[in-house]
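Shown next, in structure tokens, is the structure this report addresses.
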Amino acid sequence: MTARRRPADRLVRSYVVTDGRAHPTRNTLDLVTLLVVTDDLPLTGLNPEKRRLMELCRPGALSVAEVAGHLSLPVSVAKVLIADLMDSGHLITRAPIPAARPTDARILQEVLDGLRARL
Amino acid sequence: MGSAPASEPATGEVHLRPGVQTAVKLLVVGHFAVGKTTFVGALSEIRPLRTEEVMTEAGAIVDDLAGMTDKTTTTVALDFGRLTLNDRLVLYLFGTPGQQRFAPLWHDMTRGALGALVLADTRRLGHSFEVMGVLEELGLPYAVALNQFDDAPAHELDEVRDALDLLPETPLVRCDARDRVSSTRALISLVEYLLTRIGHLEHT
Ligand SMILES: Nc1nc2c(ncn2[C@@H]2O[C@H](COP(=O)(O)OP(=O)(O)O)[C@@H](O)[C@H]2O)c(=O)[nH]1
Ligand SMILES: [Mg+2]
């Protein structure tokens, strides 16, 4: 366990990593939207947090929630960075948005089959 | 149905497999110390992660970072884990306390969620009403799993159903949040119920 950071420290840092903006440029990002790095765009001009995010996502897809968790950022802050990286073409989303229609029987059946297969 | 069973990724694998196209989410909710973190940890194929949202005391999601330091803020922890269910589908579990004052957060968490599993503790059944109330307000379907604590008195499920004032169709099962198979069975009860509900809706 790492020591709890003081909230004030984290908030100041959050403010800095998003260049003072809090509203993501896209509000379609869900906790389980899957993020994929696009090929070979240079990272020049990206701030250190965005570079970290790109390094994290380069080996394979991750959800918005996982990116926030791995980078120890509040979800709202991670979304701002992700939206910027989508705008600049560095990231694309894989899952349709919203991720699933909850009333989709086919999806539910697939979830059920997948869970039963784990028993 | 018809999709190949997933060979489970090695524990500690961080990234999703290349073919995964669709992500779904279920919530695992309940009062403090009911076993949410334990449950998510027992099922997750990745080291469970934790993130947080920042809110004002009044219950609004803080989205004005410049003003954050001026306000009295509080953070809501979100534990989550991941289960790859087949070559193209992944399930995320989000464990979070279900307090009324965090309602705005719930809208973000529940958007697109398939349903919720309410963990309950027979020693403190009354503590579960608040979270069930929030789910009902949001219209998110749920099942209830009684987490078996060693020193908890043994109750018949019928008694517990009465005490929690559950609808007849709401599933009520026992589980041990520390046990992967038991926890998987609890999720299965929830998803079976979600399917039944849809069938029911389609036929009325
Ligand atoms: N005996 C027993 N203890 C449990 C069980 N589930 C959780 N615990 C313990 O109860 C405590 C609270 O669990 P935790 O998962 O942190 O609860 P949370 O606050 O809902 O996330 C921890 O010490 C767990 O080890 C269970 O099924 N049986
Ligand atoms: Mg917990």
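Order determines the names: the first chain of the structure tokens is A, the second B, and so forth; residues in each chain are numbered 1 upward, and ligands are numbered 1 upward as they are shown.
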
Would you please give, as a ChimeraX atom specification, all residues of range 14-152 of chain B that DSSP assigns to strand (DSSP E) based on the backbone?
/B:22-29,49-56,73-86,89-96,115-120,142-147

Mind running chain B against ligand 1 at 10 Å and telling me each contacting residue's nearest atom pair with the distance in Å (one decimal), counting only C-alpha atoms and all ligand atoms, chain and number ascending, as JSON lines?
{"residue": "B:Val28", "atom": "CA", "partner": "ligand 1", "partner_atom_place_in_ligand_line": "20 (O)", "distance": 8.9}
{"residue": "B:Val29", "atom": "CA", "partner": "ligand 1", "partner_atom_place_in_ligand_line": "20 (O)", "distance": 7.6}
{"residue": "B:Gly30", "atom": "CA", "partner": "ligand 1", "partner_atom_place_in_ligand_line": "20 (O)", "distance": 6.3}
{"residue": "B:His31", "atom": "CA", "partner": "ligand 1", "partner_atom_place_in_ligand_line": "20 (O)", "distance": 6.2}
{"residue": "B:Phe32", "atom": "CA", "partner": "ligand 1", "partner_atom_place_in_ligand_line": "19 (O)", "distance": 4.2}
{"residue": "B:Ala33", "atom": "CA", "partner": "ligand 1", "partner_atom_place_in_ligand_line": "19 (O)", "distance": 3.2}
{"residue": "B:Val34", "atom": "CA", "partner": "ligand 1", "partner_atom_place_in_ligand_line": "20 (O)", "distance": 4.0}
{"residue": "B:Gly35", "atom": "CA", "partner": "ligand 1", "partner_atom_place_in_ligand_line": "15 (O)", "distance": 3.2}
{"residue": "B:Lys36", "atom": "CA", "partner": "ligand 1", "partner_atom_place_in_ligand_line": "20 (O)", "distance": 3.7}
{"residue": "B:Thr37", "atom": "CA", "partner": "ligand 1", "partner_atom_place_in_ligand_line": "21 (O)", "distance": 3.7}
{"residue": "B:Thr38", "atom": "CA", "partner": "ligand 1", "partner_atom_place_in_ligand_line": "15 (O)", "distance": 3.6}
{"residue": "B:Phe39", "atom": "CA", "partner": "ligand 1", "partner_atom_place_in_ligand_line": "15 (O)", "distance": 6.3}
{"residue": "B:Val40", "atom": "CA", "partner": "ligand 1", "partner_atom_place_in_ligand_line": "15 (O)", "distance": 8.0}
{"residue": "B:Gly41", "atom": "CA", "partner": "ligand 1", "partner_atom_place_in_ligand_line": "15 (O)", "distance": 8.2}
{"residue": "B:Ala42", "atom": "CA", "partner": "ligand 1", "partner_atom_place_in_ligand_line": "15 (O)", "distance": 9.7}
{"residue": "B:Ala77", "atom": "CA", "partner": "ligand 1", "partner_atom_place_in_ligand_line": "21 (O)", "distance": 9.8}
{"residue": "B:Leu78", "atom": "CA", "partner": "ligand 1", "partner_atom_place_in_ligand_line": "21 (O)", "distance": 9.6}
{"residue": "B:Asp79", "atom": "CA", "partner": "ligand 1", "partner_atom_place_in_ligand_line": "21 (O)", "distance": 8.0}
{"residue": "B:Gly95", "atom": "CA", "partner": "ligand 1", "partner_atom_place_in_ligand_line": "21 (O)", "distance": 7.3}
{"residue": "B:Thr96", "atom": "CA", "partner": "ligand 1", "partner_atom_place_in_ligand_line": "21 (O)", "distance": 7.7}
{"residue": "B:Pro97", "atom": "CA", "partner": "ligand 1", "partner_atom_place_in_ligand_line": "20 (O)", "distance": 7.3}
{"residue": "B:Leu119", "atom": "CA", "partner": "ligand 1", "partner_atom_place_in_ligand_line": "20 (O)", "distance": 7.9}
{"residue": "B:Ala120", "atom": "CA", "partner": "ligand 1", "partner_atom_place_in_ligand_line": "20 (O)", "distance": 9.3}
{"residue": "B:Asp121", "atom": "CA", "partner": "ligand 1", "partner_atom_place_in_ligand_line": "27 (O)", "distance": 9.2}
{"residue": "B:Leu146", "atom": "CA", "partner": "ligand 1", "partner_atom_place_in_ligand_line": "27 (O)", "distance": 8.6}
{"residue": "B:Asn147", "atom": "CA", "partner": "ligand 1", "partner_atom_place_in_ligand_line": "27 (O)", "distance": 5.0}
{"residue": "B:Gln148", "atom": "CA", "partner": "ligand 1", "partner_atom_place_in_ligand_line": "27 (O)", "distance": 4.8}
{"residue": "B:Phe149", "atom": "CA", "partner": "ligand 1", "partner_atom_place_in_ligand_line": "1 (N)", "distance": 4.0}
{"residue": "B:Asp150", "atom": "CA", "partner": "ligand 1", "partner_atom_place_in_ligand_line": "1 (N)", "distance": 4.7}
{"residue": "B:Asp151", "atom": "CA", "partner": "ligand 1", "partner_atom_place_in_ligand_line": "1 (N)", "distance": 7.5}
{"residue": "B:Ala152", "atom": "CA", "partner": "ligand 1", "partner_atom_place_in_ligand_line": "1 (N)", "distance": 8.7}
{"residue": "B:Arg174", "atom": "CA", "partner": "ligand 1", "partner_atom_place_in_ligand_line": "27 (O)", "distance": 9.5}
{"residue": "B:Cys175", "atom": "CA", "partner": "ligand 1", "partner_atom_place_in_ligand_line": "27 (O)", "distance": 6.8}
{"residue": "B:Asp176", "atom": "CA", "partner": "ligand 1", "partner_atom_place_in_ligand_line": "27 (O)", "distance": 3.9}
{"residue": "B:Ala177", "atom": "CA", "partner": "ligand 1", "partner_atom_place_in_ligand_line": "27 (O)", "distance": 4.3}
{"residue": "B:Arg178", "atom": "CA", "partner": "ligand 1", "partner_atom_place_in_ligand_line": "27 (O)", "distance": 5.3}
{"residue": "B:Asp179", "atom": "CA", "partner": "ligand 1", "partner_atom_place_in_ligand_line": "27 (O)", "distance": 7.6}
{"residue": "B:Ser182", "atom": "CA", "partner": "ligand 1", "partner_atom_place_in_ligand_line": "27 (O)", "distance": 9.5}
{"residue": "B:Ser183", "atom": "CA", "partner": "ligand 1", "partner_atom_place_in_ligand_line": "27 (O)", "distance": 9.3}

Write a file of the just-selected residues containing C-alpha atoms, as a JSON list (two decimals), in the first residue's frame.
[["chain", "number", "residue", "atom", "x", "y", "z"],
["B", 28, "VAL", "CA", -21.10, -4.95, -7.34],
["B", 29, "VAL", "CA", -22.63, -2.78, -4.66],
["B", 30, "GLY", "CA", -23.34, -2.79, -0.95],
["B", 31, "HIS", "CA", -22.54, -1.06, 2.30],
["B", 32, "PHE", "CA", -19.11, -0.67, 3.88],
["B", 33, "ALA", "CA", -17.24, -3.93, 4.64],
["B", 34, "VAL", "CA", -19.84, -6.15, 2.99],
["B", 35, "GLY", "CA", -17.19, -7.77, 0.78],
["B", 36, "LYS", "CA", -17.23, -5.81, -2.51],
["B", 37, "THR", "CA", -13.45, -5.54, -2.85],
["B", 38, "THR", "CA", -13.06, -9.20, -1.88],
["B", 39, "PHE", "CA", -15.65, -10.26, -4.46],
["B", 40, "VAL", "CA", -14.10, -8.28, -7.31],
["B", 41, "GLY", "CA", -10.64, -9.54, -6.35],
["B", 42, "ALA", "CA", -11.76, -13.18, -6.31],
["B", 77, "ALA", "CA", -13.51, 4.90, -4.57],
["B", 78, "LEU", "CA", -14.25, 2.54, -7.40],
["B", 79, "ASP", "CA", -12.70, -0.94, -7.31],
["B", 95, "GLY", "CA", -17.42, -2.38, -6.91],
["B", 96, "THR", "CA", -18.72, 0.72, -5.25],
["B", 97, "PRO", "CA", -20.63, 1.81, -2.15],
["B", 119, "LEU", "CA", -23.96, -7.87, -1.54],
["B", 120, "ALA", "CA", -25.69, -8.13, 1.83],
["B", 121, "ASP", "CA", -24.63, -9.25, 5.30],
["B", 146, "LEU", "CA", -25.79, -12.88, 0.97],
["B", 147, "ASN", "CA", -22.12, -12.85, 1.76],
["B", 148, "GLN", "CA", -21.53, -15.56, 4.36],
["B", 149, "PHE", "CA", -19.49, -14.27, 7.24],
["B", 150, "ASP", "CA", -18.28, -16.91, 9.66],
["B", 151, "ASP", "CA", -19.93, -15.43, 12.73],
["B", 152, "ALA", "CA", -23.17, -14.48, 10.99],
["B", 174, "ARG", "CA", -25.74, -17.15, -0.79],
["B", 175, "CYS", "CA", -22.13, -16.58, -1.67],
["B", 176, "ASP", "CA", -18.65, -16.50, -0.24],
["B", 177, "ALA", "CA", -16.95, -13.48, -1.72],
["B", 178, "ARG", "CA", -13.55, -15.04, -1.10],
["B", 179, "ASP", "CA", -14.33, -18.00, -3.33],
["B", 182, "SER", "CA", -19.13, -19.22, -5.37],
["B", 183, "SER", "CA", -18.81, -15.63, -6.58]]

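Of the residues listed (B:Pro48, B:Gly126, B:Pro153, B:Gly112), B:Gly112 shows the shortest atom-to-atom separation from chain A; distances use only C-alpha atoms.
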
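Using only C-alpha atoms, the contacts of Arg94 in chain A at a cut-off of 8 Å, with sequence neighbours closer than 4 positions omitted, comprise Thr33, Leu34, Leu35 and Val36 of chain A; Gln21 and Thr22 of chain B.
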
Selection near range 38-52 of chain A, 12 Å with only C-alpha atoms, sequence-local residues under 4 positions removed, as a ChimeraX atom specification:
/A:13-19,56-61,67-68,70-73,77-86,88-94

Residues from last step as file, C-alpha atoms, as a PDB file, in the first residue's frame:
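Generated file (again-v9.pdb):
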ATOM      1  CA  ARG A  13      -1.555  17.896 -10.138  1.00  0.00           C
ATOM      2  CA  SER A  14      -4.760  17.025 -11.978  1.00  0.00           C
ATOM      3  CA  TYR A  15      -5.201  20.637 -12.868  1.00  0.00           C
ATOM      4  CA  VAL A  16      -1.703  20.773 -14.287  1.00  0.00           C
ATOM      5  CA  VAL A  17      -1.862  17.570 -16.349  1.00  0.00           C
ATOM      6  CA  THR A  18      -4.992  18.684 -18.151  1.00  0.00           C
ATOM      7  CA  ASP A  19      -3.663  22.202 -18.803  1.00  0.00           C
ATOM      8  CA  LEU A  56       0.521   2.328 -21.271  1.00  0.00           C
ATOM      9  CA  CYS A  57      -1.870   1.725 -24.150  1.00  0.00           C
ATOM     10  CA  ARG A  58       0.674   0.836 -26.829  1.00  0.00           C
ATOM     11  CA  PRO A  59       0.899  -2.943 -26.113  1.00  0.00           C
ATOM     12  CA  GLY A  60      -2.859  -3.499 -26.406  1.00  0.00           C
ATOM     13  CA  ALA A  61      -6.372  -2.248 -25.741  1.00  0.00           C
ATOM     14  CA  VAL A  67      -6.169   3.686 -17.877  1.00  0.00           C
ATOM     15  CA  ALA A  68      -7.299   5.828 -14.926  1.00  0.00           C
ATOM     16  CA  HIS A  70      -2.951   2.355 -13.905  1.00  0.00           C
ATOM     17  CA  LEU A  71      -2.074   6.043 -14.086  1.00  0.00           C
ATOM     18  CA  SER A  72      -3.557   6.765 -10.610  1.00  0.00           C
ATOM     19  CA  LEU A  73      -5.719   9.548 -11.983  1.00  0.00           C
ATOM     20  CA  VAL A  77      -9.090  13.665 -15.391  1.00  0.00           C
ATOM     21  CA  ALA A  78      -8.180  10.576 -17.406  1.00  0.00           C
ATOM     22  CA  LYS A  79     -11.141  11.306 -19.677  1.00  0.00           C
ATOM     23  CA  VAL A  80      -9.826  14.783 -20.464  1.00  0.00           C
ATOM     24  CA  LEU A  81      -6.450  13.372 -21.508  1.00  0.00           C
ATOM     25  CA  ILE A  82      -8.045  10.571 -23.525  1.00  0.00           C
ATOM     26  CA  ALA A  83     -10.382  12.927 -25.348  1.00  0.00           C
ATOM     27  CA  ASP A  84      -7.422  15.119 -26.320  1.00  0.00           C
ATOM     28  CA  LEU A  85      -5.518  12.108 -27.618  1.00  0.00           C
ATOM     29  CA  MET A  86      -8.554  11.094 -29.647  1.00  0.00           C
ATOM     30  CA  SER A  88      -5.116  14.480 -32.093  1.00  0.00           C
ATOM     31  CA  GLY A  89      -5.557  11.051 -33.691  1.00  0.00           C
ATOM     32  CA  HIS A  90      -3.339   9.171 -31.230  1.00  0.00           C
ATOM     33  CA  LEU A  91      -6.144   7.028 -29.814  1.00  0.00           C
ATOM     34  CA  ILE A  92      -9.266   5.489 -31.233  1.00  0.00           C
ATOM     35  CA  THR A  93     -12.068   3.656 -29.457  1.00  0.00           C
ATOM     36  CA  ARG A  94     -12.854   0.084 -30.266  1.00  0.00           C
TER      37      ARG A  94
END

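Between ligand 2 and the residues B:His127, B:Arg161, B:Arg50, B:His107, the shortest atom-to-atom distance, using only C-alpha atoms and all ligand atoms, involves B:Arg50.
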
Show me, as a VMD selection string, the residues that have an atom within 7 Å of Val173 in chain B when counting only C-alpha atoms, minus same-chain residues fewer than 6 positions from it.
chain B and resid 144 to 146 186

Would you write out those residues with all heavy atoms, as a short mmCIF file (atom, residue, chain, number, x, y, z; two decimals), in the first residue's frame?
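Saved file part-v8.cif follows:
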data_model
loop_
_atom_site.label_atom_id
_atom_site.label_comp_id
_atom_site.auth_asym_id
_atom_site.auth_seq_id
_atom_site.Cartn_x
_atom_site.Cartn_y
_atom_site.Cartn_z
N VAL B 144 -29.59 -10.17 -5.32
CA VAL B 144 -28.96 -9.99 -4.00
C VAL B 144 -28.19 -11.26 -3.64
O VAL B 144 -28.71 -12.37 -3.78
CB VAL B 144 -30.02 -9.70 -2.92
CG1 VAL B 144 -29.36 -9.53 -1.55
CG2 VAL B 144 -30.83 -8.46 -3.28
N ALA B 145 -26.95 -11.08 -3.21
CA ALA B 145 -26.13 -12.21 -2.75
C ALA B 145 -25.78 -11.98 -1.28
O ALA B 145 -25.24 -10.94 -0.92
CB ALA B 145 -24.87 -12.32 -3.59
N LEU B 146 -26.13 -12.95 -0.45
CA LEU B 146 -25.79 -12.88 0.97
C LEU B 146 -24.36 -13.37 1.13
O LEU B 146 -24.07 -14.54 0.91
CB LEU B 146 -26.70 -13.80 1.78
CG LEU B 146 -28.12 -13.36 2.02
CD1 LEU B 146 -28.82 -14.43 2.85
CD2 LEU B 146 -28.15 -12.01 2.73
N ALA B 186 -22.90 -16.54 -8.13
CA ALA B 186 -23.75 -15.39 -7.79
C ALA B 186 -23.97 -14.50 -9.02
O ALA B 186 -25.09 -14.05 -9.28
CB ALA B 186 -23.14 -14.60 -6.64
#

Which one is closest to chain A: B:Val76, B:Asp162, B:Thr184, B:Tyr193? Count only C-alpha atoms.
B:Thr184

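With only C-alpha atoms as the basis for measurement, B:Leu114 is the residue among B:Leu140, B:Leu114, B:Leu135, B:Val90 that approaches chain A most closely.
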
Excluding same-chain residues fewer than 6 positions from Ala163 in chain B, what lies within 10 Å of it counting only C-alpha atoms, as a PDB file with C-alpha atoms, in the first residue's frame?
ATOM      1  CA  THR B 122     -27.199 -10.988   7.529  1.00  0.00           C
ATOM      2  CA  LEU B 125     -29.535  -6.344   6.583  1.00  0.00           C
ATOM      3  CA  GLY B 126     -30.946  -2.901   7.276  1.00  0.00           C
ATOM      4  CA  LEU B 157     -33.443 -17.420   2.654  1.00  0.00           C
TER       5      LEU B 157
END

Could you check how far CA of Arg124 in chain B sits from CA of Leu164 in chain B, in Å to one decimal?
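Separation between CA of Arg124 in chain B and CA of Leu164 in chain B: 10.7 Å.
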
I want to know what sits within 7 Å of Leu115 in chain A, based on only C-alpha atoms, with residues of the same chain fewer than 3 positions away left out; could you give that as a PyMOL selection string?
(chain A and resi 111-112+118) or (chain B and resi 85+184+188)

Restricting the output to N, CA and C atoms, write the selected residues as a PDB file, in the first residue's frame.
ATOM      1  N   VAL A 111     -22.626 -13.407 -22.125  1.00  0.00           N
ATOM      2  CA  VAL A 111     -22.064 -13.220 -20.778  1.00  0.00           C
ATOM      3  C   VAL A 111     -22.351 -14.458 -19.934  1.00  0.00           C
ATOM      4  N   LEU A 112     -23.577 -14.939 -20.008  1.00  0.00           N
ATOM      5  CA  LEU A 112     -23.962 -16.122 -19.233  1.00  0.00           C
ATOM      6  C   LEU A 112     -23.111 -17.332 -19.619  1.00  0.00           C
ATOM      7  N   ARG A 118     -16.567 -20.787 -16.859  1.00  0.00           N
ATOM      8  CA  ARG A 118     -15.508 -20.617 -15.858  1.00  0.00           C
ATOM      9  C   ARG A 118     -15.689 -21.512 -14.649  1.00  0.00           C
TER      10      ARG A 118
ATOM     11  N   LEU B  85     -14.444 -13.021 -21.290  1.00  0.00           N
ATOM     12  CA  LEU B  85     -15.447 -14.092 -21.344  1.00  0.00           C
ATOM     13  C   LEU B  85     -15.337 -14.949 -22.594  1.00  0.00           C
ATOM     14  N   THR B 184     -18.688 -16.582  -8.818  1.00  0.00           N
ATOM     15  CA  THR B 184     -19.124 -16.736 -10.215  1.00  0.00           C
ATOM     16  C   THR B 184     -20.589 -17.165 -10.258  1.00  0.00           C
ATOM     17  N   ILE B 188     -23.811 -15.503 -12.093  1.00  0.00           N
ATOM     18  CA  ILE B 188     -24.646 -16.270 -13.021  1.00  0.00           C
ATOM     19  C   ILE B 188     -26.125 -16.088 -12.673  1.00  0.00           C
TER      20      ILE B 188
END

So how far away is CA of Phe94 in chain B from CA of Leu187 in chain B, in Å?
12.7 Å
